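Asks: As input, take query.txt (compact mmCIF, C-alpha atoms):
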# COMPACT_ATOMS: atom_id res chain seq x y z
CA MET A 167 -46.21 -27.71 27.87
CA ASN A 168 -42.42 -27.88 28.12
CA LEU A 169 -40.90 -27.92 24.66
CA LYS A 170 -37.49 -29.46 23.89
CA LYS A 171 -34.72 -27.59 22.13
CA GLU A 172 -33.82 -30.71 20.13
CA ASP A 173 -37.33 -30.92 18.69
CA ILE A 174 -37.26 -27.27 17.68
CA GLN A 175 -33.88 -27.65 15.97
CA HIS A 176 -35.03 -30.77 14.09
CA ALA A 177 -38.14 -28.95 12.89
CA LEU A 178 -36.10 -25.97 11.70
CA SER A 179 -34.00 -28.27 9.51
CA TYR A 180 -36.98 -28.11 7.15
CA VAL A 181 -36.67 -24.32 6.76
CA THR A 182 -34.63 -23.14 3.77
CA THR A 183 -32.02 -20.39 4.11
CA PRO A 184 -32.76 -17.33 1.92
CA GLY A 185 -30.49 -17.31 -1.10
CA SER A 186 -29.61 -20.99 -0.65
CA ASP A 187 -31.16 -24.38 -1.30
CA ARG A 188 -29.98 -25.68 2.09
CA ASP A 189 -31.70 -25.45 5.45
CA ILE A 190 -30.88 -22.90 8.17
CA VAL A 191 -29.31 -25.55 10.40
CA ALA A 192 -26.95 -26.90 7.74
CA THR A 193 -25.83 -23.45 6.58
CA GLY A 194 -25.23 -22.20 10.13
CA ALA A 195 -27.82 -19.45 9.72
CA LEU A 196 -29.54 -20.72 12.87
CA LYS A 197 -27.48 -19.20 15.68
CA ASN A 198 -29.40 -19.94 18.85
CA ILE A 199 -32.58 -21.45 20.27
CA GLN A 200 -33.92 -20.69 23.73
CA VAL A 201 -36.93 -22.52 25.19
CA PHE A 202 -38.96 -21.35 28.20
CA GLY A 203 -41.84 -23.78 28.67
CA SER A 204 -44.00 -23.21 25.60
CA GLU A 205 -42.13 -20.02 24.59
CA VAL A 206 -39.42 -20.21 21.96
CA ASP A 207 -36.81 -17.61 20.92
CA VAL A 208 -35.01 -18.26 17.63
CA ASP A 209 -31.95 -16.26 16.51
CA VAL A 210 -31.08 -16.41 12.79
CA THR A 211 -28.43 -14.58 10.74
CA ILE A 212 -28.83 -14.27 6.98
CA SER A 213 -26.94 -12.49 4.19
CA VAL A 214 -29.97 -11.48 2.07
CA PRO A 215 -31.00 -7.97 3.20
CA THR A 216 -34.41 -7.68 1.52
CA LEU A 217 -37.50 -7.17 3.67
CA GLN A 218 -39.32 -9.82 1.65
CA ALA A 219 -36.69 -12.46 2.45
CA LYS A 220 -36.77 -11.63 6.16
CA LYS A 221 -40.56 -11.77 6.30
CA LYS A 222 -40.76 -15.07 4.43
CA LEU A 223 -38.15 -16.63 6.71
CA GLU A 224 -40.02 -15.49 9.82
CA VAL A 225 -43.29 -16.95 8.51
CA ASP A 226 -41.60 -20.24 7.56
CA ILE A 227 -40.08 -20.60 11.04
CA LEU A 228 -43.39 -19.86 12.82
CA LYS A 229 -45.34 -22.25 10.59
CA THR A 230 -42.80 -25.04 10.89
CA ILE A 231 -42.67 -24.92 14.70
CA HIS A 232 -46.46 -24.76 14.95
CA ASP A 233 -46.96 -27.60 12.45
CA ARG A 234 -44.19 -29.93 13.56
CA VAL A 235 -43.75 -29.23 17.28
CA PHE A 236 -46.61 -27.46 19.07
CA GLU A 237 -49.35 -25.41 17.42
CA LYS A 238 -49.81 -23.14 20.46
CA ALA A 239 -46.12 -22.35 20.94
CA VAL A 240 -45.31 -18.67 21.45
CA VAL A 241 -42.47 -18.07 18.99
CA LYS A 242 -40.26 -15.00 18.71
CA VAL A 243 -37.96 -14.83 15.68
CA ASN A 244 -34.91 -12.54 15.71
CA ILE A 245 -33.38 -12.09 12.27
CA LYS A 246 -30.05 -10.34 11.77
CA VAL A 247 -28.71 -9.45 8.34
CA GLU A 248 -24.95 -9.80 8.09
CA LYS A 249 -23.00 -9.26 4.91
CA PRO A 250 -20.67 -12.20 4.37
CA GLU A 251 -16.97 -11.47 4.63
CA THR A 252 -15.19 -11.39 1.31
CA PRO A 253 -11.69 -12.85 1.44
CA PRO A 254 -8.97 -10.46 0.21
CA GLU A 255 -8.61 -10.85 -3.53
CA ILE A 256 -4.97 -9.82 -3.48
CA LYS A 257 -2.22 -11.65 -1.67
CA GLY A 258 0.91 -9.60 -2.27
CA PRO A 259 1.81 -7.60 -5.37
CA GLU A 260 -0.57 -8.12 -8.29
CA LEU A 261 2.08 -7.15 -10.85
CA PRO A 262 3.33 -10.41 -12.37
CA GLY A 263 6.94 -11.05 -11.43
CA VAL A 264 7.25 -8.09 -9.02
CA LYS A 265 8.11 -9.28 -5.53
CA ASN A 266 8.23 -6.05 -3.50
CA ILE A 267 6.75 -2.60 -4.12
CA ILE A 268 8.34 0.18 -2.06
CA ALA A 269 6.90 3.69 -1.92
CA VAL A 270 9.44 6.45 -1.25
CA ALA A 271 7.68 9.48 0.20
CA SER A 272 8.25 12.78 1.96
CA GLY A 273 5.84 15.16 3.57
CA LYS A 274 7.77 18.14 2.21
CA GLY A 275 9.32 18.97 -1.13
CA GLY A 276 13.00 19.72 -1.61
CA VAL A 277 14.32 17.19 0.89
CA GLY A 278 16.02 15.01 -1.75
CA LYS A 279 13.45 12.22 -1.99
CA SER A 280 14.06 11.59 -5.70
CA THR A 281 17.84 11.64 -5.16
CA VAL A 282 17.46 9.04 -2.42
CA THR A 283 15.17 6.92 -4.65
CA ALA A 284 17.58 6.97 -7.59
CA ASN A 285 20.61 6.07 -5.47
CA LEU A 286 18.67 3.41 -3.56
CA ALA A 287 17.66 1.82 -6.86
CA VAL A 288 21.21 1.72 -8.20
CA ALA A 289 22.60 0.49 -4.86
CA LEU A 290 20.08 -2.38 -4.85
CA SER A 291 20.99 -3.22 -8.44
CA ASN A 292 24.69 -3.26 -7.55
CA MET A 293 23.84 -5.69 -4.74
CA GLY A 294 22.50 -8.11 -7.36
CA PHE A 295 18.79 -7.38 -7.15
CA THR A 296 16.56 -6.71 -10.14
CA VAL A 297 15.09 -3.22 -9.73
CA GLY A 298 12.56 -0.92 -11.37
CA VAL A 299 11.57 2.69 -10.65
CA VAL A 300 8.29 4.45 -11.36
CA ASP A 301 8.49 8.24 -11.26
CA ALA A 302 5.08 8.97 -9.71
CA ASP A 303 5.84 12.67 -9.30
CA ILE A 304 3.50 13.42 -12.19
CA TYR A 305 3.85 17.21 -11.95
CA GLY A 306 7.62 17.34 -11.39
CA PRO A 307 9.24 14.22 -12.88
CA SER A 308 13.02 13.92 -12.56
CA MET A 309 13.98 10.24 -12.80
CA HIS A 310 14.58 10.43 -16.56
CA LEU A 311 17.13 13.17 -15.82
CA MET A 312 18.79 11.44 -12.87
CA PHE A 313 19.33 8.30 -14.93
CA ASP A 314 20.57 10.22 -18.00
CA ILE A 315 17.82 8.85 -20.23
CA GLU A 316 15.82 12.01 -20.92
CA LYS A 317 16.25 11.56 -24.69
CA GLU A 318 14.99 7.99 -24.60
CA LYS A 319 11.41 6.81 -25.17
CA PRO A 320 9.78 3.61 -23.88
CA ARG A 321 9.12 1.19 -26.71
CA SER A 322 5.94 -0.77 -27.27
CA ILE A 323 6.28 -4.50 -26.75
CA ASP A 324 3.78 -7.28 -27.41
CA ILE A 325 3.16 -9.50 -24.37
CA ASN A 326 0.66 -12.33 -24.96
CA GLY A 327 -1.21 -10.26 -27.50
CA ARG A 328 -1.27 -7.13 -25.35
CA SER A 329 0.69 -4.00 -26.24
CA MET A 330 2.72 -2.84 -23.24
CA MET A 331 5.42 -0.28 -22.49
CA GLN A 332 8.98 -1.47 -22.13
CA PRO A 333 10.76 0.57 -19.42
CA VAL A 334 13.99 2.34 -20.33
CA GLU A 335 17.01 0.82 -18.60
CA ASN A 336 20.26 2.35 -17.36
CA TYR A 337 22.72 1.43 -14.58
CA GLY A 338 20.85 -1.89 -14.28
CA VAL A 339 17.56 -0.17 -13.32
CA LYS A 340 14.33 -0.16 -15.35
CA VAL A 341 12.70 3.29 -15.33
CA LEU A 342 9.36 4.77 -16.35
CA SER A 343 8.53 8.45 -15.93
CA ILE A 344 5.95 10.88 -17.25
CA GLY A 345 9.04 12.89 -18.21
CA PHE A 346 9.44 10.60 -21.23
CA PHE A 347 6.16 11.86 -22.64
CA ALA A 348 6.39 15.61 -21.96
CA GLN A 349 8.63 18.30 -23.43
CA ALA A 350 11.29 19.80 -21.16
CA ASP A 351 9.44 23.13 -20.92
CA GLN A 352 5.94 21.64 -20.93
CA ALA A 353 3.94 21.96 -17.72
CA VAL A 354 1.75 18.99 -16.80
CA VAL A 355 -1.55 20.64 -15.85
CA TRP A 356 -3.85 17.76 -14.95
CA ARG A 357 -6.66 17.30 -12.50
CA GLY A 358 -6.52 14.43 -10.02
CA PRO A 359 -8.31 11.79 -12.17
CA MET A 360 -5.95 12.37 -15.10
CA ALA A 361 -2.88 12.11 -12.85
CA THR A 362 -4.30 8.94 -11.34
CA LYS A 363 -4.85 7.42 -14.77
CA ALA A 364 -1.29 8.29 -15.79
CA LEU A 365 0.10 6.65 -12.64
CA ASN A 366 -1.89 3.47 -13.26
CA GLN A 367 -0.62 3.32 -16.83
CA LEU A 368 3.00 3.75 -15.76
CA ILE A 369 2.64 0.90 -13.26
CA LYS A 370 0.22 -1.54 -14.87
CA ASP A 371 0.67 -0.99 -18.60
CA ALA A 372 4.39 -1.70 -18.41
CA TYR A 373 6.20 -4.98 -18.81
CA TRP A 374 8.53 -5.07 -15.80
CA GLY A 375 9.57 -8.70 -16.11
CA ASN A 376 10.87 -10.24 -12.89
CA LEU A 377 11.75 -7.62 -10.27
CA ASP A 378 12.93 -7.99 -6.71
CA PHE A 379 12.05 -4.35 -6.02
CA LEU A 380 9.84 -1.79 -7.72
CA LEU A 381 10.45 1.65 -6.20
CA ILE A 382 7.71 4.28 -6.51
CA ASP A 383 9.06 7.84 -6.24
CA LEU A 384 6.04 9.72 -4.86
CA PRO A 385 5.46 13.49 -5.03
CA PRO A 386 5.68 15.53 -1.81
CA GLY A 387 2.70 15.59 0.54
CA THR A 388 -0.16 13.18 1.16
CA GLY A 389 -2.58 13.73 -1.69
CA ASP A 390 -4.25 12.15 -4.72
CA ILE A 391 -1.22 10.29 -6.05
CA HIS A 392 -0.50 8.66 -2.70
CA LEU A 393 -4.08 7.42 -2.36
CA SER A 394 -4.09 6.31 -5.98
CA LEU A 395 -0.95 4.24 -5.41
CA VAL A 396 -2.31 2.24 -2.47
CA GLN A 397 -5.52 1.86 -4.47
CA ALA A 398 -3.70 0.57 -7.55
CA VAL A 399 -1.31 -1.96 -6.01
CA PRO A 400 -0.53 -3.55 -2.64
CA VAL A 401 2.54 -1.68 -1.37
CA THR A 402 5.06 -3.78 0.55
CA GLY A 403 6.28 -0.83 2.61
CA GLY A 404 7.04 2.86 2.69
CA VAL A 405 10.30 4.77 3.12
CA ILE A 406 10.12 8.34 4.44
CA VAL A 407 12.82 10.87 3.49
CA SER A 408 13.41 14.04 5.52
CA THR A 409 16.09 16.56 6.35
CA PRO A 410 16.93 17.14 10.05
CA GLN A 411 15.26 20.57 10.29
CA ASN A 412 12.05 20.94 12.29
CA ILE A 413 9.93 22.22 9.40
CA ALA A 414 10.72 19.15 7.30
CA LEU A 415 10.25 16.83 10.28
CA ALA A 416 6.75 18.19 10.90
CA ASP A 417 5.75 17.10 7.40
CA ALA A 418 7.66 13.82 7.60
CA ARG A 419 5.57 12.99 10.66
CA LYS A 420 2.47 13.32 8.49
CA GLY A 421 3.99 10.98 5.91
CA VAL A 422 4.50 8.29 8.54
CA ALA A 423 0.98 8.87 9.87
CA MET A 424 -0.47 8.46 6.38
CA PHE A 425 1.02 4.99 5.92
CA LYS A 426 -0.02 4.01 9.46
CA MET A 427 -3.67 4.97 9.00
CA PRO A 428 -5.80 1.89 9.80
CA ALA A 429 -7.54 2.14 6.43
CA ILE A 430 -4.22 2.20 4.52
CA ASN A 431 -2.00 0.18 6.86
CA VAL A 432 1.19 0.09 4.80
CA PRO A 433 4.19 -0.88 6.94
CA VAL A 434 6.77 1.89 7.31
CA LEU A 435 10.14 0.33 6.52
CA GLY A 436 11.97 3.29 7.99
CA MET A 437 13.15 6.86 7.71
CA VAL A 438 16.14 8.30 5.85
CA GLU A 439 17.81 11.55 6.97
CA ASN A 440 19.10 13.41 3.92
CA MET A 441 21.42 16.44 4.05
CA SER A 442 22.35 15.17 7.49
CA TYR A 443 25.64 17.04 7.78
CA PHE A 444 28.17 18.92 5.67
CA THR A 445 31.81 17.88 5.40
CA PRO A 446 34.12 20.17 3.40
CA ALA A 447 36.57 18.45 1.07
CA GLU A 448 39.47 20.22 2.75
CA LEU A 449 38.30 19.09 6.23
CA PRO A 450 37.18 15.48 5.68
CA ASP A 451 36.98 14.72 9.41
CA ASN A 452 34.69 17.65 10.23
CA LYS A 453 30.89 17.54 10.29
CA TYR A 454 28.76 20.68 10.24
CA TYR A 455 25.09 20.15 11.06
CA ILE A 456 23.62 22.93 8.94
CA PHE A 457 19.98 21.82 9.24
CA GLY A 458 20.22 20.46 12.78
CA GLU A 459 21.64 17.28 14.24
CA SER A 460 19.91 13.85 14.18
CA GLY A 461 16.44 15.33 13.72
CA ALA A 462 15.08 12.51 11.54
CA LYS A 463 16.86 9.87 13.60
CA ASN A 464 15.23 11.16 16.78
CA LEU A 465 11.84 11.39 15.06
CA ALA A 466 12.15 7.78 13.90
CA GLU A 467 12.76 6.69 17.48
CA ARG A 468 9.79 8.70 18.76
CA MET A 469 7.46 7.29 16.09
CA ASP A 470 8.79 3.75 16.58
CA VAL A 471 9.98 3.26 13.01
CA PRO A 472 13.43 2.04 11.91
CA PHE A 473 16.15 4.54 11.04
CA LEU A 474 17.66 3.57 7.68
CA GLY A 475 20.64 5.91 7.51
CA GLU A 476 21.93 9.44 7.12
CA ILE A 477 23.08 10.90 3.82
CA PRO A 478 25.57 13.81 3.95
CA LEU A 479 25.12 17.17 2.28
CA VAL A 480 27.82 16.88 -0.38
CA GLN A 481 28.26 18.83 -3.58
CA SER A 482 29.09 15.66 -5.51
CA ILE A 483 25.59 14.27 -4.89
CA ARG A 484 24.03 17.32 -6.55
CA GLU A 485 26.52 17.22 -9.39
CA ALA A 486 25.92 13.51 -9.94
CA GLY A 487 22.18 14.06 -10.13
CA ASP A 488 22.59 16.91 -12.59
CA VAL A 489 24.64 14.82 -15.02
CA GLY A 490 22.42 11.77 -14.64
CA ARG A 491 24.89 9.50 -12.88
CA PRO A 492 23.75 8.65 -9.31
CA ALA A 493 26.40 9.36 -6.69
CA VAL A 494 26.38 5.77 -5.39
CA LEU A 495 28.30 4.85 -8.54
CA GLN A 496 31.30 6.82 -7.21
CA GLU A 497 32.97 3.81 -5.62
CA ASN A 498 34.97 3.98 -2.40
CA THR A 499 33.63 7.38 -1.40
CA PRO A 500 31.85 8.30 1.86
CA THR A 501 28.79 9.22 -0.21
CA ALA A 502 28.59 5.80 -1.88
CA GLU A 503 29.12 4.12 1.50
CA ALA A 504 26.21 6.08 2.98
CA PHE A 505 23.83 5.09 0.17
CA ASN A 506 24.98 1.45 0.24
CA GLU A 507 24.46 1.28 3.99
CA MET A 508 20.98 2.71 3.58
CA ALA A 509 20.19 0.12 0.88
CA LYS A 510 21.35 -2.74 3.11
CA ASN A 511 19.08 -1.49 5.88
CA VAL A 512 16.13 -1.29 3.47
CA VAL A 513 16.71 -4.88 2.36
CA ALA A 514 16.91 -6.01 5.99
CA GLN A 515 13.64 -4.23 6.84
CA VAL A 516 11.86 -5.70 3.80
CA ALA A 517 13.02 -9.19 4.81
CA TYR A 518 11.86 -8.63 8.39
CA ARG A 519 8.53 -7.23 7.18
CA ASN A 520 7.87 -10.17 4.84
CA GLU A 521 8.73 -12.69 7.54
CA ASN A 522 6.63 -11.18 10.29
CA LEU A 523 3.68 -9.43 8.62
CA SER A 524 0.96 -10.65 6.28
CA PRO A 525 0.93 -9.42 2.67
CA THR A 526 -0.40 -5.89 2.17
CA GLU A 527 -3.81 -5.73 0.54
CA LYS A 528 -4.87 -3.22 -2.07
CA VAL A 529 -7.00 -0.35 -0.76
CA ARG A 530 -10.34 0.69 -2.19
CA ILE A 531 -10.86 4.43 -1.66
CA THR A 532 -14.49 5.26 -0.90
CA THR A 533 -14.27 9.00 -0.23
CA MET A 534 -11.53 11.58 -0.54
CA ALA A 535 -12.63 14.22 1.93
CA GLY A 536 -12.32 12.11 5.04
CA CYS A 537 -9.77 9.75 3.51
CA SER A 538 -12.14 6.87 4.16
CA ALA A 539 -10.92 3.61 2.70
CA VAL A 540 -11.41 -0.11 3.02
CA LYS A 541 -9.17 -3.05 2.26
CA GLU A 542 -10.22 -5.20 -0.64
When written as structure tokens, how does the structure in this file appear?
Replies:
Amino acid sequence: MNLKKEDIQHALSYVTTPGSDRDIVATGALKNIQVFGSEVDVDVTISVPTLQAKKKLEVDILKTIHDRVFEKAVVKVNIKVEKPETPPEIKGPELPGVKNIIAVASGKGGVGKSTVTANLAVALSNMGFTVGVVDADIYGPSMHLMFDIEKEKPRSIDINGRSMMQPVENYGVKVLSIGFFAQADQAVVWRGPMATKALNQLIKDAYWGNLDFLLIDLPPGTGDIHLSLVQAVPVTGGVIVSTPQNIALADARKGVAMFKMPAINVPVLGMVENMSYFTPAELPDNKYYIFGESGAKNLAERMDVPFLGEIPLVQSIREAGDVGRPAVLQENTPTAEAFNEMAKNVVAQVAYRNENLSPTEKVRITTMAGCSAVKE
């Protein structure tokens, strides 16, 4: 007897989909029917993985075809279990009022990442943007020093019945740092989970208000704090800071690679070359490339990421950081011009990223050893 596909499909409309009160045709669980004379192959995909559900469905399909179409039909049922896709629960930053979250990172310590972060924040503020900074360098915080607010303490503020931290503000930038909560000579000796909890509190238990940019000053390397950040919030993009020397560039390469990992997939906004060259005050037209010439710029080109600017090695930058007044505030100086140019390039890259790429999703870390992660 030659069976008809239409008759089989009509009969299967009486079979209920596991986990649903609708039939397998209406829900789309029935994927394919093939008929060869009196032989029938039925392909079904369901989302309920239990053996009991699969067996019941197979029996229901066999019985229905035998009862409603042909009792001697030879029926083969292929059941595939497929977990339904969960739409991303986060579309852009989950911090209310915060438009862009930028992570500033470096593979190596001592390259001036925090100095770049502080000056970038103030430059953005001077451009008219609302800016916040989280000092995520839990073990070596410095933002409270660079903004001359080390003697300040965040206040508690009531927001809709919830007690939250109010960031300390200076130079138009809102700042939170673990340095506010530790003594100057007190070492922060915490294991990874404690550092992670502290980072989450600094970011999520604070009332930031409306911000155009929230900068996260990350510690050197690619460790716990970095994974915790992309787990805690969807990061708009990353900025990598390096000096031109080969040793620093080798680690900067790892920083770029971390953000580009498929499981993390945070866009790299670009690379900044700090301590790019030295110009003596008495020879303002001379440039001495102490750590090498254009190393970070060349690396950016090789890794296909934007180059955001070069910051000179100038004594005034160090002095400004020491007294808690970022060097970008020294108007009409080559140093301020370098930081302002870098800030303009960051803004341009953020605008390009937001126009051309979908919002970053938060990452759920599943294992540390292999850095396995999935997007939520």
Asks: Give me the box for region 445-464 of chain A as JSON, namely the centre and edge lengths in Å to one decimal of a box along x, y and z that holds every listed atom plus 4 Å on each side.
Replies:
{"center_x": 27.3, "center_y": 16.4, "center_z": 8.9, "size_x": 32.4, "size_y": 21.1, "size_z": 23.7}
Asks: Quick one, how far is CA of Glu467 (chain A) from CA of Leu523 (chain A)?
Replies: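 Taking CA of Glu467 (chain A) as the start and CA of Leu523 (chain A) as the end point, the length is 20.5 Å.
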Asks: Can you pull out the residues contacting region 231-243 of chain A? Cut-off 10 Å, using all atoms listed in the file, and skip same-chain residues under 5 positions away; I want them as a PDB file with C-alpha atoms, in the coordinates of the input.
Replies:
ATOM      1  CA  MET A 167     -46.210 -27.710  27.870  1.00  0.00           C
ATOM      2  CA  ASN A 168     -42.420 -27.880  28.120  1.00  0.00           C
ATOM      3  CA  LEU A 169     -40.900 -27.920  24.660  1.00  0.00           C
ATOM      4  CA  LYS A 170     -37.490 -29.460  23.890  1.00  0.00           C
ATOM      5  CA  ASP A 173     -37.330 -30.920  18.690  1.00  0.00           C
ATOM      6  CA  ILE A 174     -37.260 -27.270  17.680  1.00  0.00           C
ATOM      7  CA  GLN A 175     -33.880 -27.650  15.970  1.00  0.00           C
ATOM      8  CA  HIS A 176     -35.030 -30.770  14.090  1.00  0.00           C
ATOM      9  CA  ALA A 177     -38.140 -28.950  12.890  1.00  0.00           C
ATOM     10  CA  LEU A 178     -36.100 -25.970  11.700  1.00  0.00           C
ATOM     11  CA  TYR A 180     -36.980 -28.110   7.150  1.00  0.00           C
ATOM     12  CA  VAL A 181     -36.670 -24.320   6.760  1.00  0.00           C
ATOM     13  CA  ILE A 199     -32.580 -21.450  20.270  1.00  0.00           C
ATOM     14  CA  GLN A 200     -33.920 -20.690  23.730  1.00  0.00           C
ATOM     15  CA  VAL A 201     -36.930 -22.520  25.190  1.00  0.00           C
ATOM     16  CA  PHE A 202     -38.960 -21.350  28.200  1.00  0.00           C
ATOM     17  CA  GLY A 203     -41.840 -23.780  28.670  1.00  0.00           C
ATOM     18  CA  SER A 204     -44.000 -23.210  25.600  1.00  0.00           C
ATOM     19  CA  GLU A 205     -42.130 -20.020  24.590  1.00  0.00           C
ATOM     20  CA  VAL A 206     -39.420 -20.210  21.960  1.00  0.00           C
ATOM     21  CA  ASP A 207     -36.810 -17.610  20.920  1.00  0.00           C
ATOM     22  CA  VAL A 208     -35.010 -18.260  17.630  1.00  0.00           C
ATOM     23  CA  ASP A 209     -31.950 -16.260  16.510  1.00  0.00           C
ATOM     24  CA  VAL A 210     -31.080 -16.410  12.790  1.00  0.00           C
ATOM     25  CA  LEU A 223     -38.150 -16.630   6.710  1.00  0.00           C
ATOM     26  CA  GLU A 224     -40.020 -15.490   9.820  1.00  0.00           C
ATOM     27  CA  VAL A 225     -43.290 -16.950   8.510  1.00  0.00           C
ATOM     28  CA  ASP A 226     -41.600 -20.240   7.560  1.00  0.00           C
TER      29      ASP A 226
END
Asks: May I ask which of the residues A:Met309, A:Val299, A:Ile323, A:Val494 is the closest one to Ser280 (chain A), counting all atoms listed in the file?
Replies: A:Met309
Asks: Residues near Val300 (chain A), anyone? I mean within 12 Å using only C-alpha atoms, not counting same-chain ones fewer than 5 positions away, as a PDB file with C-alpha atoms, in the frame of the given file.
Replies:
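Result file is selection09.pdb:
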ATOM      1  CA  ILE A 267       6.750  -2.600  -4.120  1.00  0.00           C
ATOM      2  CA  ILE A 268       8.340   0.180  -2.060  1.00  0.00           C
ATOM      3  CA  ALA A 269       6.900   3.690  -1.920  1.00  0.00           C
ATOM      4  CA  VAL A 270       9.440   6.450  -1.250  1.00  0.00           C
ATOM      5  CA  SER A 280      14.060  11.590  -5.700  1.00  0.00           C
ATOM      6  CA  THR A 283      15.170   6.920  -4.650  1.00  0.00           C
ATOM      7  CA  ALA A 284      17.580   6.970  -7.590  1.00  0.00           C
ATOM      8  CA  ALA A 287      17.660   1.820  -6.860  1.00  0.00           C
ATOM      9  CA  PRO A 307       9.240  14.220 -12.880  1.00  0.00           C
ATOM     10  CA  SER A 308      13.020  13.920 -12.560  1.00  0.00           C
ATOM     11  CA  MET A 309      13.980  10.240 -12.800  1.00  0.00           C
ATOM     12  CA  HIS A 310      14.580  10.430 -16.560  1.00  0.00           C
ATOM     13  CA  PRO A 333      10.760   0.570 -19.420  1.00  0.00           C
ATOM     14  CA  VAL A 334      13.990   2.340 -20.330  1.00  0.00           C
ATOM     15  CA  GLU A 335      17.010   0.820 -18.600  1.00  0.00           C
ATOM     16  CA  VAL A 339      17.560  -0.170 -13.320  1.00  0.00           C
ATOM     17  CA  LYS A 340      14.330  -0.160 -15.350  1.00  0.00           C
ATOM     18  CA  VAL A 341      12.700   3.290 -15.330  1.00  0.00           C
ATOM     19  CA  LEU A 342       9.360   4.770 -16.350  1.00  0.00           C
ATOM     20  CA  SER A 343       8.530   8.450 -15.930  1.00  0.00           C
ATOM     21  CA  ILE A 344       5.950  10.880 -17.250  1.00  0.00           C
ATOM     22  CA  GLY A 345       9.040  12.890 -18.210  1.00  0.00           C
ATOM     23  CA  PHE A 346       9.440  10.600 -21.230  1.00  0.00           C
ATOM     24  CA  ALA A 364      -1.290   8.290 -15.790  1.00  0.00           C
ATOM     25  CA  LEU A 365       0.100   6.650 -12.640  1.00  0.00           C
ATOM     26  CA  ASN A 366      -1.890   3.470 -13.260  1.00  0.00           C
ATOM     27  CA  GLN A 367      -0.620   3.320 -16.830  1.00  0.00           C
ATOM     28  CA  LEU A 368       3.000   3.750 -15.760  1.00  0.00           C
ATOM     29  CA  ILE A 369       2.640   0.900 -13.260  1.00  0.00           C
ATOM     30  CA  LYS A 370       0.220  -1.540 -14.870  1.00  0.00           C
ATOM     31  CA  ASP A 371       0.670  -0.990 -18.600  1.00  0.00           C
ATOM     32  CA  ALA A 372       4.390  -1.700 -18.410  1.00  0.00           C
ATOM     33  CA  TRP A 374       8.530  -5.070 -15.800  1.00  0.00           C
ATOM     34  CA  PHE A 379      12.050  -4.350  -6.020  1.00  0.00           C
ATOM     35  CA  LEU A 380       9.840  -1.790  -7.720  1.00  0.00           C
ATOM     36  CA  LEU A 381      10.450   1.650  -6.200  1.00  0.00           C
ATOM     37  CA  ILE A 382       7.710   4.280  -6.510  1.00  0.00           C
ATOM     38  CA  ASP A 383       9.060   7.840  -6.240  1.00  0.00           C
ATOM     39  CA  LEU A 384       6.040   9.720  -4.860  1.00  0.00           C
ATOM     40  CA  PRO A 385       5.460  13.490  -5.030  1.00  0.00           C
ATOM     41  CA  LEU A 395      -0.950   4.240  -5.410  1.00  0.00           C
TER      42      LEU A 395
END
Asks: In Å to one decimal, how far is CA of Met441 (chain A) from CA of Ala502 (chain A)?
Replies: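 That distance, rounded to one decimal, is 14.1 Å.
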Asks: Using all atoms listed in the file, find the one residue out of A:Gly490, A:Gly275, A:Pro320, A:Pro525 that sits nearest to Gly403 (chain A).
Replies: A:Pro525
Asks: For Tyr518 (chain A), work out the shell of residues within 12 Å, counting all atoms listed in the file and skipping chain neighbours fewer than 3 positions away, then give it as a PyMOL selection string.
Replies: chain A and resi 402-403+433-436+472+511-515+521-524
Asks: Using all atoms listed in the file and a cutoff of 9 Å, can you tell me which residues are near (18.8, 5.2, -2.0) in the file's coordinates, and write them out as an NGL selection string?
Replies: :A and (279-290 or 438 or 494 or 504-506 or 508-509 or 512)
Asks: The selected residues should be written to file as a short mmCIF file (atom, residue, chain, number, x, y, z; two decimals), keeping the file's coordinate frame (atoms: C-alpha atoms).
Replies:
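Contents of out-v4.cif, as written:
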data_model
loop_
_atom_site.label_atom_id
_atom_site.label_comp_id
_atom_site.auth_asym_id
_atom_site.auth_seq_id
_atom_site.Cartn_x
_atom_site.Cartn_y
_atom_site.Cartn_z
CA LYS A 279 13.45 12.22 -1.99
CA SER A 280 14.06 11.59 -5.70
CA THR A 281 17.84 11.64 -5.16
CA VAL A 282 17.46 9.04 -2.42
CA THR A 283 15.17 6.92 -4.65
CA ALA A 284 17.58 6.97 -7.59
CA ASN A 285 20.61 6.07 -5.47
CA LEU A 286 18.67 3.41 -3.56
CA ALA A 287 17.66 1.82 -6.86
CA VAL A 288 21.21 1.72 -8.20
CA ALA A 289 22.60 0.49 -4.86
CA LEU A 290 20.08 -2.38 -4.85
CA VAL A 438 16.14 8.30 5.85
CA VAL A 494 26.38 5.77 -5.39
CA ALA A 504 26.21 6.08 2.98
CA PHE A 505 23.83 5.09 0.17
CA ASN A 506 24.98 1.45 0.24
CA MET A 508 20.98 2.71 3.58
CA ALA A 509 20.19 0.12 0.88
CA VAL A 512 16.13 -1.29 3.47
#
Asks: Smallest atom-to-atom distance to Thr445 (chain A): which of A:Gly404, A:Glu503, A:Ser179, A:Ile477, using all atoms listed in the file?
Replies: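 Looking only at the distances to Thr445 (chain A), the closest residue turns out to be A:Ile477.
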Asks: Residues at most 12 Å from Lys246 (chain A), counting only C-alpha atoms, excluding those fewer than 5 positions away in the same chain, as a PyMOL selection string?
Replies: chain A and resi 195-198+208-217+219-221+223-224
Asks: Rounded to one decimal, what separation in Å do you get between CA of Leu479 (chain A) and CA of Ile456 (chain A)?
Replies: 8.9 Å
Asks: Any idea what's packed within 9 Å of Pro262 (chain A), counting all atoms listed in the file, ignoring anything in its chain fewer than 6 positions away? Could you give it as a ChimeraX atom specification?
Replies: /A:373-376
Asks: Nearest residue to Asn520 (chain A) out of A:Ser329, A:Thr182, A:Asn266, A:Thr230, using all atoms listed in the file?
Replies: A:Asn266
